[in-house]
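Participant: The structure that follows is given in the form of structure tokens.
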Amino acid sequence: MSPMNPISEGIKAQRQYMIDLRRHFHAHPEPSFEEFETSKRVQEELEAMGISFEIMAGTGVVGTIEGTRPGKTVALRADMDALMVTQENDVPYKSTREGVMHACGHDGHTAMLLGAARVLKSLENTFEGTVKLIFQPAEELVAGARKMIEAGALEDVDGLLGIHLWMGLPTGQISAEAGPRMASGDYVECHIEGRGGHGSMPNQGVDAALIAAAFIMNINALMSREISPLEPTVLTFGEVDSGTRFNVLAARAKISGTARTFSPAIRAELPEIINRYGTFIAESYRGNFSLNFNHGTPPTINDSHISSLARQSVEEFLGPEGNVLFEKTTGSEDLAYYLERLPGAIAFVGCQNSAKGILHPHHHPRFDIDEEALAHGAELYARFALNFLK
């Protein structure tokens with residue numbers, strides 16, 4: 001550990017700056033693709049630092065810090081959007097916008113990257129290469145990353161690090177191991193066609209509601225016999241729409257759900273498995289089945305070299321005990337789109353503090369973060385960038 005390291009000293013000096021920024025963003029949340037004031041504030045902060053920037057994907061911002069000579073280019077990514085959640089916890093920085101809340105920590109991500117930007121800008125005469133600062137919109141819609149890529153945010157980038165403040169880890173612990181870290185997230189919509197009739201005489205029609213029930217009850221059992229138990233795969237149907245009246249046989253049904261896996265190969269197989277079984281069960285009841293499998297975000301898979309650099313960077317300021325192994329999660333993250341195109345990683349930075357009552361999960365109306373974690377995330381951003389450029 002190097003407590004007198006200029007990076008550590010620089011981050012320490014930015015502590016209150018990051019807390020103030022995070023609280024400002026928290027009090028003024030904006031949903032996906034509507035991050036207008038957030039984007040404007042990011043631009044103002046970068047301009048005040050003397051960092052040039054471009055606006056991309058409507059509200060996205062990409063800042064650039066040039067070192068002493070050309071070299072590699074490293075990107076650091078933060079997301080900016082909030083959720084459509086009504087905040088319930090009463091804090092001084094409570095959301096001022098009804099029905100919108102930073103319930104996932106993106107306010108902290110933006111503040112951390114701006115804090116790291118200040119430190120990296122102050123050290124620009126000490127490194128070769130380029131640091132790109134990616135402030136991304138619409139992660140919650142898993143749509144912002146693609147828009148940023150299409151706009152050129154990854155041009156000439158050699159490696160990338162994203163950070164997510166993580167309630168599953170206490171403050172002071174960071175997980176950045178290699179391999180799958182978050183699952184794919186795809187939208188599954190199944191349509192069943194039956195034939196209406198009187199509920200008292202179901203033999204005269206084809207009951208689409210019964211077909212839907214049979215499909216939902218058995219599809220996961222079928223998948224368990226086709227997919228290895230060592231490859232976690234989730235298929236959940238959370239919405240069922242069928243029928244028009246209590247005594248009328250349902251003529252059609254729509255079932256909507258989500259499919260998640262860590263394996264690109266299994267992800268590619270899922271549409272065929274679901275469609276094959278859906279068709280079989282519907283035809284067994286004399287109905288018809290059709291599937292819309294809408295691909296969302298791919299699995300988030302950390303590159304081994306980038307993960308190693310991230311873990312090295314953590315050890316430099318938190319010691320060996322700062323690095324922890326944390327089980328992958330079936331949540332999704334659109335950072336995956338970046339990682340499909342270049343070596344990169346996501347790091348989970350612990351922000352839980354039960355002594356302070358900060359333990360509600362992500363997307364909860366009482367979600368909050370331990371603001372001491374902001375310094376850890378910012379220092380990881382800065383140290384990783386400089387270690388990569390070396």
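Chain lettering (A, B, ...) mirrors the order of the structure tokens, residue numbering begins at 1 for each chain separately, and ligand numbering begins at 1 in order of display.
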What's around region 152-158 of chain A at 7 Å? Count only C-alpha atoms, leave out sequence neighbours fewer than 4 positions away in its own chain, and write the answer as a PyMOL selection string.
Facilitator: chain A and resi 62+72-75+148+342
Participant: Any idea what's packed within 10 Å of Gly185 (chain A), counting only C-alpha atoms, ignoring anything in its chain fewer than 5 positions away? Could you give it as a list in words?
Facilitator: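 These residues fall inside the cut-off: Val142, Val234, Thr258, Ala259, Arg260, Thr261, Phe262, Arg267, Asn294, His295, Gly296, Thr297, Pro298, Pro299, Thr330, Gly331, Ser332, Glu333 and Asp334 of chain A.
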Participant: Which residues are close to Pro365 (chain A), i.e. within 7 Å by only C-alpha atoms, leaving aside same-chain residues fewer than 6 positions away? Reply as a list of chain:residue names.
Facilitator: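 Close residues of Pro365 (chain A): A:Val85, A:Thr86, A:Gln87, A:Glu88, A:Ala103.
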Participant: With N, CA and C atoms retained, could you export that selection as a CSV table (one decimal), in the first residue's frame?
Facilitator:
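Output below, filename part-v7.csv:
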```
chain,number,residue,atom,x,y,z
A,85,VAL,N,-38.8,5.0,-9.8
A,85,VAL,CA,-39.0,4.5,-8.5
A,85,VAL,C,-39.3,5.7,-7.6
A,86,THR,N,-40.3,5.6,-6.7
A,86,THR,CA,-40.6,6.7,-5.8
A,86,THR,C,-39.8,6.5,-4.5
A,87,GLN,N,-39.0,7.5,-4.2
A,87,GLN,CA,-38.1,7.3,-3.0
A,87,GLN,C,-38.8,7.4,-1.7
A,88,GLU,N,-38.5,6.5,-0.8
A,88,GLU,CA,-39.2,6.4,0.5
A,88,GLU,C,-38.4,6.9,1.7
A,103,ALA,N,-31.9,4.7,-7.7
A,103,ALA,CA,-32.1,3.5,-6.8
A,103,ALA,C,-31.1,2.5,-7.2
```
Participant: When distances are computed from only C-alpha atoms, which of A:Tyr285, A:Leu325, A:Leu169, A:Asp186 shows the smallest separation from Asn203 (chain A)?
Facilitator: A:Tyr285
Participant: Between A:Gln16, A:Gly197, A:Ile134, A:Thr68, which residue has the minimum interatomic distance to Gln43 (chain A), considering only C-alpha atoms?
Facilitator: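 Closest to Gln43 (chain A) of all the choices is A:Ile134.
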Participant: For CA of Ala178 (chain A) and CA of Ile306 (chain A), quote the distance in Å rounded to one decimal.
Facilitator: 8.1 Å
Participant: To one decimal in Å, tell me the separation between CA of His102 (chain A) and CA of Phe237 (chain A).
Facilitator: 26.6 Å
